[in-house]
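Participant: Dumping the structure here so I can ask a few things about it.
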Amino acid sequence: MGRRRPARYSPEFRAAAVRQARETDAPLRQVAQDLGVNLTTLKSWLQAARPQPREPLTEDERSELAQLRRENQQLRTERDILKKATAFFARESQ
């Protein structure tokens, strides 16, 4: 049994996949499945497309980044709850 050759993807396809993964709210697993690529492959493309920092982050910058990421997640959760509540009340008022 021979080894399977890894699939070759064009740079345009990779760029489009990265753009789609960044712009959609869908989980990366779903985006990878929709595109027909392995999740690990998509993650590596995203990592490669991320600009490299010129200098390492300071401890203060790291803690601020972590705090902002937590806040961002909290805001997304609240937004999703409000979307569902709006849809619920819109159905109830009709």
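Every chain in the structure tokens takes a letter, A first, then B, and so on in the order presented; its residues are numbered from 1, and the ligands are numbered from 1 following the presented order.
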With only C-alpha atoms as the counted atoms, please give the residues lying no more than 12 Å from Thr40 of chain A, apart from itself and same-chain residues fewer than 5 positions off, as a compact mmCIF listing (two decimals) with N, CA and C atoms, in the first residue's frame.
Facilitator:
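Writing done, so here's part-v2.txt:
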# COMPACT_ATOMS: atom_id res chain seq x y z
N LEU A 28 -14.09 26.94 13.11
CA LEU A 28 -13.08 26.55 12.13
C LEU A 28 -13.32 25.15 11.60
N ARG A 29 -13.79 24.26 12.46
CA ARG A 29 -14.06 22.89 12.03
C ARG A 29 -15.08 22.88 10.89
N VAL A 31 -15.83 25.44 8.81
CA VAL A 31 -15.24 26.08 7.63
C VAL A 31 -14.35 25.08 6.90
N ALA A 32 -13.51 24.35 7.64
CA ALA A 32 -12.63 23.37 7.03
C ALA A 32 -13.43 22.28 6.32
N GLN A 33 -14.50 21.84 6.96
CA GLN A 33 -15.33 20.79 6.36
C GLN A 33 -16.00 21.32 5.09
N TRP A 45 -2.60 27.30 7.81
CA TRP A 45 -2.71 28.42 6.88
C TRP A 45 -3.00 29.72 7.63
N LEU A 46 -3.88 29.63 8.62
CA LEU A 46 -4.18 30.83 9.41
C LEU A 46 -2.95 31.31 10.17
N GLN A 47 -2.19 30.38 10.73
CA GLN A 47 -0.98 30.73 11.46
C GLN A 47 0.05 31.37 10.52
Participant: Can you work out the spacing between atom CA of Glu61 of chain A and atom CA of Glu23 of chain A in Å, to one decimal?
Facilitator: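 Between atom CA of Glu61 of chain A and atom CA of Glu23 of chain A the gap works out to 25.1 Å.
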Participant: Env of Gln20 of chain A: 12 Å cut, atoms = only C-alpha atoms, seq-sep filter 4 positions within chain, self excluded. Answer as a short mmCIF file (atom, residue, chain, number, x, y, z; two decimals) with all heavy atoms, in the first residue's frame.
Facilitator:
data_model
loop_
_atom_site.label_atom_id
_atom_site.label_comp_id
_atom_site.auth_asym_id
_atom_site.auth_seq_id
_atom_site.Cartn_x
_atom_site.Cartn_y
_atom_site.Cartn_z
N PHE A 13 -6.54 29.66 -3.45
CA PHE A 13 -7.47 28.88 -2.63
C PHE A 13 -7.14 29.07 -1.16
O PHE A 13 -8.04 29.26 -0.33
CB PHE A 13 -7.41 27.40 -3.01
CG PHE A 13 -8.32 26.53 -2.18
CD1 PHE A 13 -9.66 26.43 -2.50
CD2 PHE A 13 -7.84 25.84 -1.09
CE1 PHE A 13 -10.52 25.63 -1.74
CE2 PHE A 13 -8.67 25.05 -0.32
CZ PHE A 13 -10.02 24.95 -0.65
N ARG A 14 -5.85 29.03 -0.83
CA ARG A 14 -5.44 29.21 0.56
C ARG A 14 -5.84 30.58 1.08
O ARG A 14 -6.36 30.71 2.19
CB ARG A 14 -3.93 29.04 0.70
CG ARG A 14 -3.46 27.63 0.46
CD ARG A 14 -1.96 27.55 0.57
NE ARG A 14 -1.50 26.22 0.22
CZ ARG A 14 -0.36 25.72 0.60
NH1 ARG A 14 0.47 26.42 1.33
NH2 ARG A 14 -0.01 24.50 0.24
N ALA A 15 -5.61 31.62 0.27
CA ALA A 15 -5.96 32.98 0.68
C ALA A 15 -7.47 33.11 0.88
O ALA A 15 -7.94 33.74 1.84
CB ALA A 15 -5.47 33.99 -0.36
N ALA A 16 -8.25 32.51 -0.01
CA ALA A 16 -9.71 32.56 0.11
C ALA A 16 -10.17 31.80 1.36
O ALA A 16 -11.09 32.24 2.06
CB ALA A 16 -10.37 31.98 -1.14
N THR A 24 -16.08 34.73 8.88
CA THR A 24 -17.32 34.05 9.29
C THR A 24 -17.34 33.80 10.79
O THR A 24 -16.30 33.76 11.43
CB THR A 24 -17.47 32.71 8.53
OG1 THR A 24 -18.73 32.15 8.85
CG2 THR A 24 -16.39 31.73 8.90
N ASP A 25 -18.53 33.67 11.33
CA ASP A 25 -18.70 33.33 12.74
C ASP A 25 -18.74 31.82 12.96
O ASP A 25 -18.79 31.36 14.09
CB ASP A 25 -19.99 33.95 13.30
CG ASP A 25 -19.88 35.45 13.45
OD1 ASP A 25 -18.75 35.95 13.59
OD2 ASP A 25 -20.93 36.12 13.45
N ALA A 26 -18.70 31.07 11.86
CA ALA A 26 -18.76 29.61 11.96
C ALA A 26 -17.47 29.08 12.59
O ALA A 26 -16.40 29.66 12.43
CB ALA A 26 -18.95 29.00 10.57
N PRO A 27 -17.56 27.96 13.31
CA PRO A 27 -16.35 27.36 13.89
C PRO A 27 -15.38 26.94 12.79
O PRO A 27 -15.79 26.60 11.67
CB PRO A 27 -16.87 26.13 14.64
CG PRO A 27 -18.34 26.28 14.70
CD PRO A 27 -18.77 27.23 13.63
N LEU A 28 -14.09 26.94 13.11
CA LEU A 28 -13.08 26.55 12.13
C LEU A 28 -13.32 25.15 11.60
O LEU A 28 -13.11 24.88 10.42
CB LEU A 28 -11.68 26.61 12.76
CG LEU A 28 -11.06 27.99 12.89
CD1 LEU A 28 -9.67 27.89 13.48
CD2 LEU A 28 -11.02 28.71 11.57
N GLN A 30 -16.11 23.70 11.00
CA GLN A 30 -17.16 23.76 9.98
C GLN A 30 -16.62 24.38 8.68
O GLN A 30 -16.91 23.90 7.60
CB GLN A 30 -18.36 24.57 10.49
CG GLN A 30 -19.52 24.62 9.52
CD GLN A 30 -20.11 23.24 9.26
OE1 GLN A 30 -20.31 22.49 10.19
NE2 GLN A 30 -20.36 22.92 8.01
N VAL A 31 -15.83 25.44 8.81
CA VAL A 31 -15.24 26.08 7.63
C VAL A 31 -14.35 25.08 6.90
O VAL A 31 -14.42 24.95 5.68
CB VAL A 31 -14.44 27.34 8.03
CG1 VAL A 31 -13.71 27.92 6.83
CG2 VAL A 31 -15.36 28.39 8.64
N ALA A 32 -13.51 24.35 7.64
CA ALA A 32 -12.63 23.37 7.03
C ALA A 32 -13.43 22.28 6.32
O ALA A 32 -13.11 21.89 5.19
CB ALA A 32 -11.72 22.75 8.08
N ASP A 34 -16.51 22.55 5.14
CA ASP A 34 -17.14 23.13 3.96
C ASP A 34 -16.18 23.27 2.78
O ASP A 34 -16.56 23.11 1.63
CB ASP A 34 -17.73 24.51 4.29
CG ASP A 34 -18.90 24.43 5.26
OD1 ASP A 34 -19.44 23.32 5.47
OD2 ASP A 34 -19.28 25.49 5.81
N LEU A 35 -14.91 23.57 3.10
CA LEU A 35 -13.90 23.74 2.05
C LEU A 35 -13.29 22.41 1.60
O LEU A 35 -12.59 22.36 0.60
CB LEU A 35 -12.79 24.66 2.55
CG LEU A 35 -13.19 26.11 2.80
CD1 LEU A 35 -12.07 26.85 3.50
CD2 LEU A 35 -13.56 26.79 1.49
N LEU A 42 -6.06 23.96 7.73
CA LEU A 42 -6.62 25.31 7.79
C LEU A 42 -5.97 26.11 8.92
O LEU A 42 -5.63 27.28 8.74
CB LEU A 42 -8.14 25.25 7.99
CG LEU A 42 -8.86 26.60 8.04
CD1 LEU A 42 -8.61 27.42 6.78
CD2 LEU A 42 -10.35 26.40 8.27
N TRP A 45 -2.60 27.30 7.81
CA TRP A 45 -2.71 28.42 6.88
C TRP A 45 -3.00 29.72 7.63
O TRP A 45 -2.44 30.76 7.31
CB TRP A 45 -3.80 28.17 5.86
CG TRP A 45 -3.52 27.04 4.90
CD1 TRP A 45 -2.33 26.39 4.70
CD2 TRP A 45 -4.45 26.42 4.03
NE1 TRP A 45 -2.48 25.41 3.75
CE2 TRP A 45 -3.75 25.40 3.32
CE3 TRP A 45 -5.80 26.61 3.77
CZ2 TRP A 45 -4.38 24.60 2.37
CZ3 TRP A 45 -6.42 25.81 2.82
CH2 TRP A 45 -5.72 24.81 2.13
N LEU A 46 -3.88 29.63 8.62
CA LEU A 46 -4.18 30.83 9.41
C LEU A 46 -2.95 31.31 10.17
O LEU A 46 -2.69 32.51 10.24
CB LEU A 46 -5.33 30.54 10.39
CG LEU A 46 -6.71 30.46 9.77
CD1 LEU A 46 -7.70 29.84 10.75
CD2 LEU A 46 -7.19 31.84 9.36
#
Participant: Assign secondary structure with DSSP using the backbone only, and return the residues of segment 3-40 of chain A in alpha helix (DSSP H) as a PDB file with N, CA and C atoms, in the first residue's frame.
Facilitator:
ATOM      1  N   PRO A  11      -2.279  28.995  -4.100  1.00  0.00           N
ATOM      2  CA  PRO A  11      -2.203  30.135  -3.175  1.00  0.00           C
ATOM      3  C   PRO A  11      -3.512  30.925  -3.112  1.00  0.00           C
ATOM      4  N   GLU A  12      -4.225  30.991  -4.233  1.00  0.00           N
ATOM      5  CA  GLU A  12      -5.505  31.703  -4.258  1.00  0.00           C
ATOM      6  C   GLU A  12      -6.533  30.996  -3.378  1.00  0.00           C
ATOM      7  N   PHE A  13      -6.541  29.662  -3.454  1.00  0.00           N
ATOM      8  CA  PHE A  13      -7.473  28.885  -2.630  1.00  0.00           C
ATOM      9  C   PHE A  13      -7.145  29.069  -1.158  1.00  0.00           C
ATOM     10  N   ARG A  14      -5.848  29.026  -0.830  1.00  0.00           N
ATOM     11  CA  ARG A  14      -5.438  29.207   0.557  1.00  0.00           C
ATOM     12  C   ARG A  14      -5.844  30.580   1.080  1.00  0.00           C
ATOM     13  N   ALA A  15      -5.615  31.617   0.267  1.00  0.00           N
ATOM     14  CA  ALA A  15      -5.965  32.982   0.680  1.00  0.00           C
ATOM     15  C   ALA A  15      -7.474  33.109   0.881  1.00  0.00           C
ATOM     16  N   ALA A  16      -8.253  32.510  -0.013  1.00  0.00           N
ATOM     17  CA  ALA A  16      -9.709  32.560   0.112  1.00  0.00           C
ATOM     18  C   ALA A  16     -10.166  31.802   1.362  1.00  0.00           C
ATOM     19  N   ALA A  17      -9.532  30.683   1.662  1.00  0.00           N
ATOM     20  CA  ALA A  17      -9.888  29.897   2.840  1.00  0.00           C
ATOM     21  C   ALA A  17      -9.587  30.686   4.113  1.00  0.00           C
ATOM     22  N   VAL A  18      -8.438  31.333   4.162  1.00  0.00           N
ATOM     23  CA  VAL A  18      -8.068  32.150   5.327  1.00  0.00           C
ATOM     24  C   VAL A  18      -9.050  33.301   5.493  1.00  0.00           C
ATOM     25  N   ARG A  19      -9.378  33.963   4.386  1.00  0.00           N
ATOM     26  CA  ARG A  19     -10.330  35.079   4.432  1.00  0.00           C
ATOM     27  C   ARG A  19     -11.700  34.605   4.948  1.00  0.00           C
ATOM     28  N   GLN A  20     -12.165  33.469   4.451  1.00  0.00           N
ATOM     29  CA  GLN A  20     -13.458  32.939   4.884  1.00  0.00           C
ATOM     30  C   GLN A  20     -13.425  32.579   6.368  1.00  0.00           C
ATOM     31  N   ALA A  21     -12.347  31.961   6.817  1.00  0.00           N
ATOM     32  CA  ALA A  21     -12.238  31.567   8.223  1.00  0.00           C
ATOM     33  C   ALA A  21     -12.239  32.783   9.137  1.00  0.00           C
ATOM     34  N   ARG A  22     -11.613  33.873   8.689  1.00  0.00           N
ATOM     35  CA  ARG A  22     -11.557  35.085   9.507  1.00  0.00           C
ATOM     36  C   ARG A  22     -12.878  35.850   9.511  1.00  0.00           C
ATOM     37  N   GLU A  23     -13.596  35.833   8.407  1.00  0.00           N
ATOM     38  CA  GLU A  23     -14.786  36.670   8.269  1.00  0.00           C
ATOM     39  C   GLU A  23     -16.066  36.021   8.764  1.00  0.00           C
ATOM     40  N   LEU A  28     -14.094  26.941  13.112  1.00  0.00           N
ATOM     41  CA  LEU A  28     -13.078  26.554  12.133  1.00  0.00           C
ATOM     42  C   LEU A  28     -13.322  25.151  11.595  1.00  0.00           C
ATOM     43  N   ARG A  29     -13.786  24.260  12.460  1.00  0.00           N
ATOM     44  CA  ARG A  29     -14.056  22.886  12.030  1.00  0.00           C
ATOM     45  C   ARG A  29     -15.082  22.881  10.895  1.00  0.00           C
ATOM     46  N   GLN A  30     -16.114  23.701  11.001  1.00  0.00           N
ATOM     47  CA  GLN A  30     -17.159  23.761   9.976  1.00  0.00           C
ATOM     48  C   GLN A  30     -16.621  24.377   8.685  1.00  0.00           C
ATOM     49  N   VAL A  31     -15.828  25.439   8.814  1.00  0.00           N
ATOM     50  CA  VAL A  31     -15.241  26.078   7.632  1.00  0.00           C
ATOM     51  C   VAL A  31     -14.349  25.081   6.902  1.00  0.00           C
ATOM     52  N   ALA A  32     -13.510  24.355   7.643  1.00  0.00           N
ATOM     53  CA  ALA A  32     -12.626  23.366   7.026  1.00  0.00           C
ATOM     54  C   ALA A  32     -13.433  22.283   6.318  1.00  0.00           C
ATOM     55  N   GLN A  33     -14.496  21.835   6.962  1.00  0.00           N
ATOM     56  CA  GLN A  33     -15.331  20.789   6.363  1.00  0.00           C
ATOM     57  C   GLN A  33     -15.997  21.315   5.094  1.00  0.00           C
ATOM     58  N   ASP A  34     -16.505  22.552   5.138  1.00  0.00           N
ATOM     59  CA  ASP A  34     -17.144  23.131   3.959  1.00  0.00           C
ATOM     60  C   ASP A  34     -16.177  23.266   2.781  1.00  0.00           C
ATOM     61  N   LEU A  35     -14.914  23.569   3.100  1.00  0.00           N
ATOM     62  CA  LEU A  35     -13.903  23.737   2.055  1.00  0.00           C
ATOM     63  C   LEU A  35     -13.293  22.407   1.600  1.00  0.00           C
ATOM     64  N   LEU A  39      -8.789  20.183   9.204  1.00  0.00           N
ATOM     65  CA  LEU A  39      -8.790  21.270  10.182  1.00  0.00           C
ATOM     66  C   LEU A  39      -7.370  21.717  10.501  1.00  0.00           C
ATOM     67  N   THR A  40      -6.462  20.785  10.656  1.00  0.00           N
ATOM     68  CA  THR A  40      -5.071  21.117  10.959  1.00  0.00           C
ATOM     69  C   THR A  40      -4.444  21.931   9.818  1.00  0.00           C
TER      70      THR A  40
END
